[in-house]
Structures are given as C-alpha cells and as structure tokens.
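Listing of coords_29.txt, compact mmCIF, C-alpha atoms
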```
# COMPACT_ATOMS: atom_id res chain seq x y z
CA MET A 1105 63.00 33.72 93.50
CA PRO A 1106 64.68 32.69 90.19
CA HIS A 1107 67.58 31.40 92.30
CA LEU A 1108 65.10 29.37 94.36
CA TRP A 1109 63.60 27.91 91.19
CA SER A 1110 67.07 26.86 90.01
CA ILE A 1111 67.72 25.13 93.36
CA CYS A 1112 64.44 23.24 93.02
CA GLU A 1113 65.25 22.19 89.46
CA ASP A 1114 68.75 21.06 90.49
CA MET A 1115 67.25 18.98 93.30
CA LEU A 1116 64.75 17.31 90.99
CA GLU A 1117 67.57 16.47 88.56
CA VAL A 1118 70.26 15.41 91.02
CA CYS A 1119 68.49 14.29 94.22
CA PRO A 1120 64.73 14.04 93.66
CA GLN A 1121 64.18 12.14 96.94
CA ALA A 1122 66.02 14.71 99.07
CA ILE A 1123 64.16 17.02 101.45
CA MET A 1124 64.62 20.77 101.12
CA LEU A 1125 64.99 22.41 104.54
CA GLN A 1126 63.74 25.90 103.76
CA TYR A 1127 64.80 28.60 106.25
CA VAL A 1128 64.69 31.63 103.94
CA ASN A 1129 62.18 34.44 104.51
CA PRO A 1130 59.54 35.13 103.40
CA MET A 1131 59.38 31.48 104.35
CA ALA A 1132 55.62 30.96 104.12
CA ILE A 1133 55.48 32.54 100.65
CA ASN A 1134 58.50 30.53 99.51
CA THR A 1135 57.00 27.28 100.82
CA TRP A 1136 53.66 28.00 99.14
CA ALA A 1137 55.33 28.96 95.84
CA ILE A 1138 57.60 25.90 95.79
CA GLY A 1139 54.60 23.66 96.48
CA ALA A 1140 52.65 25.28 93.65
CA LYS A 1141 55.43 25.13 91.04
CA TYR A 1142 57.18 21.93 92.15
CA PRO A 1143 54.55 19.82 93.99
CA GLN A 1144 56.67 16.68 93.57
CA LEU A 1145 59.55 18.19 95.58
CA ARG A 1146 59.80 17.18 99.22
CA GLN A 1147 60.24 20.29 101.34
CA VAL A 1148 59.54 21.80 104.73
CA GLY A 1149 59.70 25.44 105.80
CA LEU A 1150 61.42 25.89 109.15
CA CYS A 1151 61.27 28.53 111.86
CA HIS A 1152 62.20 28.62 115.54
CA SER A 1153 59.27 30.66 116.80
CA VAL A 1154 57.24 27.78 118.31
CA GLN A 1155 59.98 26.26 120.46
CA GLY A 1156 61.48 29.68 121.18
CA THR A 1157 58.18 31.07 122.43
CA ALA A 1158 57.59 28.00 124.59
CA LYS A 1159 60.89 28.72 126.35
CA GLU A 1160 59.99 32.38 126.84
CA LEU A 1161 56.63 31.54 128.39
CA ALA A 1162 58.23 28.89 130.59
CA LYS A 1163 60.59 31.57 131.94
CA ASP A 1164 57.69 33.93 132.61
CA LEU A 1165 55.89 31.14 134.48
CA ASP A 1166 59.11 29.99 136.20
CA ILE A 1167 58.50 26.42 135.04
CA PRO A 1168 61.16 24.21 133.37
CA VAL A 1169 60.30 24.03 129.69
CA ASP A 1170 60.74 20.25 129.66
CA GLU A 1171 57.77 20.03 132.05
CA ILE A 1172 55.51 21.81 129.57
CA ARG A 1173 53.41 20.13 126.89
CA TYR A 1174 52.05 22.23 124.06
CA ARG A 1175 50.32 22.02 120.69
CA SER A 1176 50.48 24.77 118.10
CA ALA A 1177 49.06 25.31 114.61
CA GLY A 1178 48.37 28.03 112.07
CA ILE A 1179 50.59 29.78 109.55
CA ASN A 1180 54.18 30.88 110.05
CA HIS A 1181 54.42 33.99 112.27
CA MET A 1182 50.71 33.61 113.00
CA ALA A 1183 50.45 30.21 114.67
CA TYR A 1184 48.96 29.86 118.14
CA PHE A 1185 49.36 27.58 121.11
CA LEU A 1186 46.07 25.69 121.17
CA ASN A 1187 47.22 23.92 124.32
CA PHE A 1188 49.88 24.98 126.81
CA GLU A 1189 50.05 22.71 129.85
CA HIS A 1190 52.23 21.81 132.85
CA ARG A 1191 52.89 18.17 133.72
CA GLN A 1192 51.90 17.46 137.34
CA PRO A 1193 53.60 14.95 139.71
CA ASP A 1194 50.69 12.52 139.26
CA GLY A 1195 51.14 12.55 135.49
CA SER A 1196 48.16 14.76 134.74
CA PHE A 1197 48.46 18.12 132.96
CA ARG A 1198 47.34 21.56 134.17
CA ASP A 1199 46.19 24.22 131.69
CA LEU A 1200 48.60 27.17 131.92
CA TYR A 1201 46.44 29.71 130.09
CA PRO A 1202 44.67 30.91 133.27
CA ALA A 1203 48.06 31.65 134.86
CA LEU A 1204 49.28 33.51 131.75
CA LYS A 1205 46.12 35.61 131.53
CA GLN A 1206 46.08 36.39 135.23
CA GLY A 1207 49.76 37.28 135.25
CA TYR A 1208 49.26 39.74 132.37
CA ALA A 1209 46.12 41.25 133.93
CA GLU A 1210 48.02 41.83 137.18
CA GLY A 1211 51.03 43.34 135.40
CA ARG A 1212 53.43 40.53 136.38
CA PHE A 1213 53.86 39.25 132.81
CA PRO A 1214 55.74 39.63 130.62
CA HIS A 1215 58.98 39.81 132.52
CA PHE A 1216 61.11 37.91 130.01
CA SER A 1217 61.81 38.64 126.35
CA HIS A 1218 64.33 37.24 123.89
CA SER A 1219 65.16 40.84 122.97
CA PRO A 1220 66.35 43.40 125.54
CA ARG A 1221 64.70 46.13 123.45
CA CYS A 1222 61.22 44.61 123.30
CA PRO A 1223 59.17 43.94 126.46
CA ASN A 1224 56.96 41.41 124.64
CA LYS A 1225 53.66 43.13 125.43
CA VAL A 1226 52.05 42.84 121.98
CA ARG A 1227 51.59 39.07 122.21
CA TYR A 1228 50.17 39.21 125.71
CA GLU A 1229 47.73 41.93 124.66
CA MET A 1230 46.59 39.87 121.68
CA MET A 1231 46.17 36.85 123.97
CA SER A 1232 43.92 38.93 126.22
CA ARG A 1233 41.75 39.76 123.18
CA LEU A 1234 41.80 36.47 121.28
CA GLY A 1235 42.31 33.97 124.10
CA TYR A 1236 45.44 32.33 122.66
CA PHE A 1237 49.16 33.12 122.55
CA VAL A 1238 50.84 33.63 119.18
CA THR A 1239 54.25 32.05 118.55
CA GLU A 1240 55.88 35.00 116.74
CA SER A 1241 57.83 37.67 118.61
CA SER A 1242 56.00 40.83 119.67
CA GLU A 1243 58.03 43.24 117.55
CA HIS A 1244 57.55 41.08 114.45
CA HIS A 1245 53.92 40.12 115.10
CA ALA A 1246 53.01 43.81 115.35
CA GLU A 1247 54.03 44.20 111.70
CA TYR A 1248 51.35 41.72 110.63
CA LEU A 1249 48.54 43.56 112.41
CA PRO A 1250 46.81 46.94 111.96
CA TYR A 1251 46.53 47.69 115.68
CA PHE A 1252 49.91 48.69 117.12
CA ILE A 1253 52.25 50.50 114.72
CA LYS A 1254 50.53 53.70 113.63
CA ARG A 1255 52.20 56.80 112.24
CA ASP A 1256 50.09 59.20 114.32
CA ARG A 1257 49.98 57.12 117.51
CA PRO A 1258 53.37 57.26 119.21
CA ASP A 1259 51.54 56.50 122.43
CA LEU A 1260 50.88 52.96 121.17
CA ILE A 1261 54.54 52.45 120.31
CA GLU A 1262 55.49 53.55 123.82
CA LYS A 1263 52.71 51.64 125.62
CA PHE A 1264 53.56 48.32 124.00
CA GLY A 1265 57.30 48.90 123.76
CA ILE A 1266 57.65 48.23 120.03
CA PRO A 1267 61.23 48.86 118.85
CA LEU A 1268 60.84 50.00 115.24
CA ASP A 1269 64.58 49.71 114.65
CA GLU A 1270 64.88 46.22 116.16
CA TYR A 1271 65.85 44.32 113.03
CA PRO A 1272 68.55 46.68 111.69
CA LYS A 1273 70.13 46.73 115.17
CA ARG A 1274 69.85 42.95 115.48
CA CYS A 1275 71.51 42.46 112.09
CA VAL A 1276 74.44 44.66 113.13
CA GLU A 1277 74.79 42.75 116.40
CA GLN A 1278 74.59 39.37 114.68
CA VAL A 1279 77.28 40.26 112.15
CA GLU A 1280 79.53 41.48 114.95
CA ALA A 1281 78.87 38.28 116.93
CA TRP A 1282 79.68 36.12 113.90
CA GLU A 1283 82.93 38.01 113.35
CA ARG A 1284 83.93 37.49 116.99
CA GLN A 1285 83.00 33.83 116.78
CA ALA A 1286 85.00 33.37 113.56
CA ALA A 1287 88.06 35.01 115.12
CA LYS A 1288 87.72 32.82 118.21
CA TYR A 1289 87.41 29.65 116.13
CA ARG A 1290 90.48 30.50 114.07
CA GLU A 1291 92.58 30.56 117.22
CA ALA A 1292 90.91 27.65 119.04
CA GLU A 1293 92.67 24.30 119.38
CA SER A 1294 89.30 22.55 119.27
CA ILE A 1295 85.71 23.57 118.56
CA THR A 1296 82.71 22.20 120.43
CA VAL A 1297 79.41 22.43 118.57
CA LYS A 1298 76.50 22.72 120.98
CA PRO A 1299 72.93 21.70 120.06
CA SER A 1300 70.57 24.54 119.22
CA HIS A 1301 66.79 24.64 119.16
CA GLU A 1302 66.71 24.65 115.36
CA TYR A 1303 65.07 21.64 113.74
CA ALA A 1304 67.43 20.89 110.84
CA SER A 1305 69.79 18.44 112.58
CA GLU A 1306 66.83 16.75 114.28
CA ILE A 1307 65.17 16.17 110.91
CA ILE A 1308 68.35 14.77 109.38
CA ASN A 1309 68.86 12.43 112.33
CA SER A 1310 65.26 11.19 112.14
CA VAL A 1311 65.32 10.57 108.40
CA VAL A 1312 68.78 8.98 108.26
CA MET A 1313 68.80 7.08 111.55
CA GLY A 1314 65.07 6.39 111.79
CA GLN A 1315 64.77 7.91 115.26
CA PRO A 1316 61.30 9.55 115.37
CA SER A 1317 60.89 13.19 116.32
CA VAL A 1318 58.15 15.80 116.21
CA ILE A 1319 58.84 19.24 114.78
CA TYR A 1320 56.73 22.21 113.82
CA GLY A 1321 57.07 22.51 110.07
CA ASN A 1322 55.53 24.56 107.29
CA ILE A 1323 53.94 22.28 104.74
CA ARG A 1324 51.74 22.68 101.68
CA ASN A 1325 48.18 22.48 102.98
CA GLN A 1326 46.58 19.29 101.75
CA GLY A 1327 43.80 19.14 104.30
CA PHE A 1328 46.15 19.48 107.26
CA ILE A 1329 44.22 22.58 108.40
CA PRO A 1330 40.86 22.19 106.63
CA GLN A 1331 39.78 25.70 107.69
CA LEU A 1332 42.53 27.28 105.55
CA PRO A 1333 42.92 27.34 101.74
CA GLU A 1334 44.23 24.25 99.99
CA GLY A 1335 47.82 24.71 98.90
CA CYS A 1336 48.78 27.50 101.28
CA ALA A 1337 51.68 27.01 103.69
CA VAL A 1338 50.47 25.82 107.10
CA GLU A 1339 52.51 25.30 110.26
CA VAL A 1340 51.52 22.08 112.03
CA PRO A 1341 53.10 19.32 114.12
CA VAL A 1342 55.07 17.01 111.82
CA LEU A 1343 56.26 13.51 112.67
CA VAL A 1344 59.67 12.83 111.15
CA ASP A 1345 61.20 9.36 110.80
CA ALA A 1346 62.79 7.12 108.16
CA ASN A 1347 59.67 7.62 106.02
CA GLY A 1348 60.25 11.36 105.89
CA LEU A 1349 57.81 14.13 106.83
CA GLN A 1350 54.35 13.17 108.03
CA PRO A 1351 52.23 16.23 108.87
CA THR A 1352 49.35 15.90 111.31
CA VAL A 1353 45.83 17.22 110.81
CA VAL A 1354 44.56 20.04 113.05
CA THR A 1355 40.83 20.74 112.94
CA ASP A 1356 40.10 22.70 116.12
CA ILE A 1357 41.57 26.18 115.55
CA PRO A 1358 39.12 28.79 116.91
CA PRO A 1359 37.40 30.93 114.24
CA GLN A 1360 38.87 34.25 115.45
CA LEU A 1361 42.38 32.89 114.88
CA ILE A 1362 41.51 31.50 111.45
CA ALA A 1363 40.02 34.86 110.48
CA LEU A 1364 43.20 36.72 111.47
CA MET A 1365 45.37 34.20 109.60
CA ARG A 1366 43.33 34.75 106.43
CA THR A 1367 44.23 38.45 106.42
CA ASN A 1368 47.86 37.47 105.92
CA ILE A 1369 47.11 34.50 103.68
CA ASN A 1370 45.53 37.00 101.27
CA VAL A 1371 48.89 38.76 100.94
CA GLN A 1372 50.77 35.49 100.56
CA GLU A 1373 48.33 34.19 97.94
CA LEU A 1374 48.62 37.30 95.78
CA THR A 1375 52.42 37.27 96.03
CA VAL A 1376 52.50 33.64 94.92
CA ALA A 1377 50.06 34.50 92.11
CA ALA A 1378 52.46 37.26 91.00
CA LEU A 1379 55.28 34.70 90.81
CA MET A 1380 53.30 31.96 89.12
CA GLU A 1381 51.63 34.26 86.57
CA GLN A 1382 54.61 36.65 86.29
CA SER A 1383 52.15 39.43 86.99
CA PRO A 1384 53.56 42.65 88.49
CA GLU A 1385 49.98 43.82 89.07
CA HIS A 1386 49.52 41.19 91.77
CA ILE A 1387 52.48 42.64 93.68
CA TYR A 1388 50.49 45.84 94.08
CA HIS A 1389 47.39 43.84 94.97
CA ALA A 1390 49.35 42.06 97.70
CA ALA A 1391 50.51 45.40 99.13
CA MET A 1392 46.96 46.71 98.92
CA LEU A 1393 45.63 43.79 100.98
CA ASP A 1394 48.35 43.91 103.66
CA PRO A 1395 46.53 44.73 106.94
CA HIS A 1396 49.18 47.12 108.26
CA THR A 1397 49.67 48.91 104.94
CA ALA A 1398 45.93 49.30 104.41
CA ALA A 1399 45.49 50.73 107.91
CA GLU A 1400 48.04 53.49 107.26
CA LEU A 1401 48.07 54.40 103.56
CA ASP A 1402 45.62 55.32 100.82
CA LEU A 1403 45.75 53.59 97.45
CA ASP A 1404 48.02 56.15 95.78
CA GLN A 1405 50.46 55.89 98.67
CA ILE A 1406 50.40 52.08 98.51
CA TRP A 1407 51.20 52.16 94.79
CA ALA A 1408 53.96 54.73 95.35
CA VAL A 1409 55.65 52.81 98.17
CA THR A 1410 55.43 49.58 96.14
CA ASP A 1411 57.08 51.35 93.20
CA ALA A 1412 59.84 52.58 95.49
CA LEU A 1413 60.42 49.14 97.00
CA LEU A 1414 60.53 47.44 93.60
CA GLU A 1415 63.01 50.00 92.33
CA ALA A 1416 65.17 49.73 95.45
CA HIS A 1417 65.43 45.94 95.14
CA GLY A 1418 66.52 46.16 91.51
CA ASP A 1419 68.02 42.99 90.05
CA TRP A 1420 67.26 41.02 93.21
CA LEU A 1421 63.78 40.67 91.71
CA PRO A 1422 62.57 38.40 88.89
CA GLU A 1423 62.76 40.17 85.56
CA PHE A 1424 58.98 40.54 85.21
CA ALA A 1425 58.88 42.63 88.42
CA ARG A 1426 61.77 44.98 87.69
CA VAL A 1427 60.76 48.59 87.36
CA GLU A 1428 63.22 49.44 84.58
CA ARG A 1429 61.95 46.63 82.38
CA ARG A 1430 58.34 47.67 82.83
CA LYS A 1431 59.25 51.31 82.12
CA ALA A 1432 61.01 50.23 78.93
CA SER A 1433 57.99 48.25 77.76
```

Can I see the file as structure tokens?
Amino acid sequence: MPHLWSICEDMLEVCPQAIMLQYVNPMAINTWAIGAKYPQLRQVGLCHSVQGTAKELAKDLDIPVDEIRYRSAGINHMAYFLNFEHRQPDGSFRDLYPALKQGYAEGRFPHFSHSPRCPNKVRYEMMSRLGYFVTESSEHHAEYLPYFIKRDRPDLIEKFGIPLDEYPKRCVEQVEAWERQAAKYREAESITVKPSHEYASEIINSVVMGQPSVIYGNIRNQGFIPQLPEGCAVEVPVLVDANGLQPTVVTDIPPQLIALMRTNINVQELTVAALMEQSPEHIYHAAMLDPHTAAELDLDQIWAVTDALLEAHGDWLPEFARVERRKAS
C-alpha cells in the first residue's frame, strides 16, 4: 500500500487530471482506500467479471452474447445481474432468468465454465437461493461465503466442484503461457494485437477520442448505490466520454443481495480503517468479521492465522503492520 500511496502522490504532482485505471487486487479495498486518502484523484477500479460472466451465461444458453442485454450492480466480486435479457426479432427483450433457473433445476446448466477445473455450480446454487446471478467466478465467490468451503465437509467440495488449488495452478499456467508468448513474439516478423474484453483501452479511447462507451467500474460510493455505505467501492455502470467517468445511480438492488454485500463490506471497511489509522488491531478485526473465516475458526485461531499471514508477508506490508516492528515495540 505505501507504493500505491506514492503512485497517487506522483499523479497529483505530475498529472492531476489523469485517470488511474486500477486493476490490482484487493481492488475494492484499494479503490476505497484511494478514495478516502486522495478524494481529489480520478480513479476507477477495473475487473472483467461482469463481461466475462455474461459470455459464460450466453454459452450456457446457446445465445450470441451480442444479443443479450444486461444490467449489473453491487460490489466487486459480489455484484449481480439485476437484468439479463435476450433481444427478440421484434425488438423486445425476453427475461432470461426463468431459462437459467429451469436449466439448473433440470441439471442442464452449467455446462460451460471459464476454468476446466471448476464446473461453475456455486453461482447457480446461489442464484437458486437468492434469485440473481453473481458476476464472480464460482471458485472465487465461494471464498467470500460461509456455505461451501468447510474443513469438515469434503462432500460440499465434491458436490459443488470447488478446486481449492485453482489459483496456484492458474498462476503456473499463466506464467508458462506468457513465456511461450514472449518466445513466439521474439521470433515473429510482425505482431497482431487482438482486442480483449478488458476495459482499459475502451476507457482511453472514450476519454481521448470522445467516443462514448459504457463500462462496469468500481467507484467511490457517493450515492451511486444509496443502500450501501457512503465512500465504499461500488461496481456500477459507468458512462465514459470526453468528460471522463460518469457513474450511474442504481437504487433497486434486492435486500437479500445488499445484506450479503454488507458482510464483505465490513471486512473492506476495517481493512481501510487499518490503513487510514495505521492500526494493526483493525487487521485482526477485519479477519474476525470475514464470513468464511468466522464460519471455520474460533477467535484464538483467527488471531493466530492473522499473525502467521502478517509474518509471512514481511516487508510487503506497511511498517505499522509488520510483526517484527510490533514485537520490538
């Protein structure tokens, strides 16, 4: 985080009108903290979960994604499709939620997942309970909930196909893919850069060229989702043009979704408080309030695992949080 503060201070000194495109996890916490410490800085936190999930659902439904209209809102990794619709030949739109729910109930969905190791059942199960589909991947979303990953319930892991080693394996595969790509590029006579579904280039084009676009961005909450705390990082539709970022207001998120979001906002808020107040105690409070941690561990275990994590991260942490400094004092 000190490195992030230095980037913010450099921007304010050198390019105060620039927009920070913030892709670094924990993205929601970073976006909230930047907004709290540097409210004058223009920034947006970016993720690919909304557009990526739309493509996955389109494949399950066997509908071209460009025929689908959707609207999503919430917090990063816990935003939901409030509308998910298919454009009809007469120009009207058909609600696709009945088809998604029926397909899951009949065992036909999910049949597509971005990861070959995860069958994507967690999100469908949560949709069947809450009524709406979350935009974060099943293996990652399970980490934010107390329901699926339990030490003494291997049957749940098997039933919902949750790969606990997904991210280490994915990191290894990504590094290997990058190395192959780098070797290929070194030998290539020309390189063709293909568009991706990431928002960064779209934002730059809209701001510089004035061509409007709509993205899903994480923005400091200033009434954009009135049901959530002021100042937290919310993920909403954002119009981007020559005037910059213009978030839209979303007021119709169902209460069960808001309630679930708040369980994770508690953790984010305490982490930001630890940074702003330089309070190591709030790090433990954040771990204590984490839904998954609280479902598995008692208080002594939570304190012990937090100690171990702080020690393992060493000088990657701000000085106030480092175990050796607190032991010395």

Quick one, how far is atom CA of A:Gly1265 from atom CA of A:Met1392?
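Atom-to-atom, atom CA of A:Gly1265 and atom CA of A:Met1392 are spaced 27.0 Å apart.
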
Fewer than 5 positions away in the same chain doesn't count, so skip those; otherwise give me all residues within 9 Å of A:Glu1334, counting all atoms listed in the file, as a CSV table (one decimal) with C-alpha atoms, keeping the file's coordinate frame.
```
chain,number,residue,atom,x,y,z
A,1324,ARG,CA,51.7,22.7,101.7
A,1325,ASN,CA,48.2,22.5,103.0
A,1326,GLN,CA,46.6,19.3,101.8
A,1327,GLY,CA,43.8,19.1,104.3
A,1328,PHE,CA,46.2,19.5,107.3
A,1329,ILE,CA,44.2,22.6,108.4
```

What is the distance between atom CA of A:Leu1234 and atom CA of A:Pro1220, in Å to one decimal?
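Interatomic distance, atom CA of A:Leu1234 to atom CA of A:Pro1220: 25.9 Å.
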
Within 9 Å of stretch 1347-1359 of chain A, which residues of stretch 1119-1162 of chain A show up? Give each one with its shortest atom-to-atom distance in Å (one decimal) and the two atoms involved, counting only C-alpha atoms, rows by chain then rising residue number, as a tab-separated table.
```
residue	atom	partner	partner_atom	distance
A:Ile1123	CA	A:Gly1348	CA	8.2
A:Arg1146	CA	A:Leu1349	CA	8.4
A:Gln1147	CA	A:Leu1349	CA	8.6
A:Val1148	CA	A:Leu1349	CA	8.1
```

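Nearest to A:Glu1160 of all the residues A:Val1238, A:Ala1286, A:Ala1281, A:Leu1374 is A:Val1238, counting all atoms listed in the file.
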
Of A:Glu1243, A:Asp1411, A:Glu1339, A:Glu1189, the one nearest to A:Val1154 when counting only C-alpha atoms is A:Glu1339

For A:Leu1268, the nearest of the candidates A:Ala1209, A:Ala1246, A:Ile1172, A:Ala1346, counting all atoms listed in the file
A:Ala1246

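Closest approach to A:Ile1266 among A:His1386, A:Arg1290, A:Arg1227, A:His1152 is made by A:Arg1227 (distances from only C-alpha atoms).
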
Show me, as an MDAnalysis selection string, the residues that have an atom within 9 Å of A:His1244 when counting all atoms listed in the file, minus same-chain residues fewer than 4 positions from it.
chainID A and resid 1181 1240 1248

Rounded to one decimal place, report the atom CA of A:Phe1213-atom CA of A:Met1231 distance in Å.
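Between atom CA of A:Phe1213 and atom CA of A:Met1231 the gap is 12.0 Å.
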
Identify, on the basis of all atoms listed in the file, every residue whose closest approach to stretch 1138-1143 of chain A does not exceed 12 Å; exclude the query and any residue fewer than 3 positions from it along the same chain; express the result as a PyMOL selection string.
chain A and resi 1105-1116+1120+1124-1126+1131-1135+1146-1149+1322-1326+1334-1338+1373+1376-1377+1379-1381

Please complete stretch 1160-1184 of chain A so it has N, CA and C atoms, and hand it over as an mmCIF file, in the frame of the given file.
```cif
data_model
loop_
_atom_site.group_PDB
_atom_site.id
_atom_site.type_symbol
_atom_site.label_atom_id
_atom_site.label_comp_id
_atom_site.auth_asym_id
_atom_site.auth_seq_id
_atom_site.Cartn_x
_atom_site.Cartn_y
_atom_site.Cartn_z
ATOM 1 N N GLU A 1160 60.245 31.069 126.250
ATOM 2 C CA GLU A 1160 59.990 32.380 126.840
ATOM 3 C C GLU A 1160 58.850 32.320 127.851
ATOM 4 N N LEU A 1161 57.765 31.641 127.484
ATOM 5 C CA LEU A 1161 56.630 31.540 128.390
ATOM 6 C C LEU A 1161 56.987 30.718 129.629
ATOM 7 N N ALA A 1162 57.790 29.688 129.439
ATOM 8 C CA ALA A 1162 58.230 28.890 130.590
ATOM 9 C C ALA A 1162 59.007 29.757 131.575
ATOM 10 N N LYS A 1163 59.838 30.684 131.059
ATOM 11 C CA LYS A 1163 60.590 31.570 131.940
ATOM 12 C C LYS A 1163 59.666 32.557 132.649
ATOM 13 N N ASP A 1164 58.653 33.062 131.942
ATOM 14 C CA ASP A 1164 57.690 33.930 132.610
ATOM 15 C C ASP A 1164 56.982 33.199 133.745
ATOM 16 N N LEU A 1165 56.625 31.939 133.502
ATOM 17 C CA LEU A 1165 55.890 31.140 134.480
ATOM 18 C C LEU A 1165 56.803 30.516 135.532
ATOM 19 N N ASP A 1166 58.118 30.609 135.313
ATOM 20 C CA ASP A 1166 59.110 29.990 136.200
ATOM 21 C C ASP A 1166 58.880 28.479 136.304
ATOM 22 N N ILE A 1167 58.684 27.862 135.149
ATOM 23 C CA ILE A 1167 58.500 26.420 135.040
ATOM 24 C C ILE A 1167 59.524 25.873 134.052
ATOM 25 N N PRO A 1168 60.227 24.787 134.348
ATOM 26 C CA PRO A 1168 61.160 24.210 133.370
ATOM 27 C C PRO A 1168 60.422 23.859 132.082
ATOM 28 N N VAL A 1169 60.998 24.235 130.954
ATOM 29 C CA VAL A 1169 60.300 24.030 129.690
ATOM 30 C C VAL A 1169 60.081 22.548 129.391
ATOM 31 N N ASP A 1170 60.940 21.667 129.928
ATOM 32 C CA ASP A 1170 60.740 20.250 129.660
ATOM 33 C C ASP A 1170 59.582 19.658 130.470
ATOM 34 N N GLU A 1171 58.975 20.468 131.332
ATOM 35 C CA GLU A 1171 57.770 20.030 132.050
ATOM 36 C C GLU A 1171 56.493 20.531 131.371
ATOM 37 N N ILE A 1172 56.653 21.215 130.267
ATOM 38 C CA ILE A 1172 55.510 21.810 129.570
ATOM 39 C C ILE A 1172 55.179 21.002 128.326
ATOM 40 N N ARG A 1173 53.905 20.768 128.110
ATOM 41 C CA ARG A 1173 53.410 20.130 126.890
ATOM 42 C C ARG A 1173 52.571 21.150 126.137
ATOM 43 N N TYR A 1174 52.803 21.251 124.828
ATOM 44 C CA TYR A 1174 52.050 22.230 124.060
ATOM 45 C C TYR A 1174 51.704 21.684 122.679
ATOM 46 N N ARG A 1175 50.721 22.333 122.061
ATOM 47 C CA ARG A 1175 50.320 22.020 120.690
ATOM 48 C C ARG A 1175 50.016 23.333 119.989
ATOM 49 N N SER A 1176 50.607 23.517 118.824
ATOM 50 C CA SER A 1176 50.480 24.770 118.100
ATOM 51 C C SER A 1176 50.081 24.489 116.654
ATOM 52 N N ALA A 1177 49.410 25.452 116.034
ATOM 53 C CA ALA A 1177 49.060 25.310 114.610
ATOM 54 C C ALA A 1177 48.650 26.668 114.068
ATOM 55 N N GLY A 1178 48.765 26.805 112.752
ATOM 56 C CA GLY A 1178 48.370 28.030 112.070
ATOM 57 C C GLY A 1178 49.209 28.237 110.831
ATOM 58 N N ILE A 1179 49.647 29.466 110.623
ATOM 59 C CA ILE A 1179 50.590 29.780 109.550
ATOM 60 C C ILE A 1179 51.820 30.388 110.191
ATOM 61 N N ASN A 1180 52.945 30.366 109.489
ATOM 62 C CA ASN A 1180 54.180 30.880 110.050
ATOM 63 C C ASN A 1180 54.027 32.338 110.477
ATOM 64 N N HIS A 1181 54.508 32.669 111.652
ATOM 65 C CA HIS A 1181 54.420 33.990 112.270
ATOM 66 C C HIS A 1181 53.009 34.339 112.708
ATOM 67 N N MET A 1182 52.064 33.420 112.500
ATOM 68 C CA MET A 1182 50.710 33.610 113.000
ATOM 69 C C MET A 1182 50.128 32.248 113.359
ATOM 70 N N ALA A 1183 50.911 31.468 114.100
ATOM 71 C CA ALA A 1183 50.450 30.210 114.670
ATOM 72 C C ALA A 1183 50.224 30.434 116.165
ATOM 73 N N TYR A 1184 49.348 29.646 116.743
ATOM 74 C CA TYR A 1184 48.960 29.860 118.140
ATOM 75 C C TYR A 1184 49.066 28.572 118.935
#
```
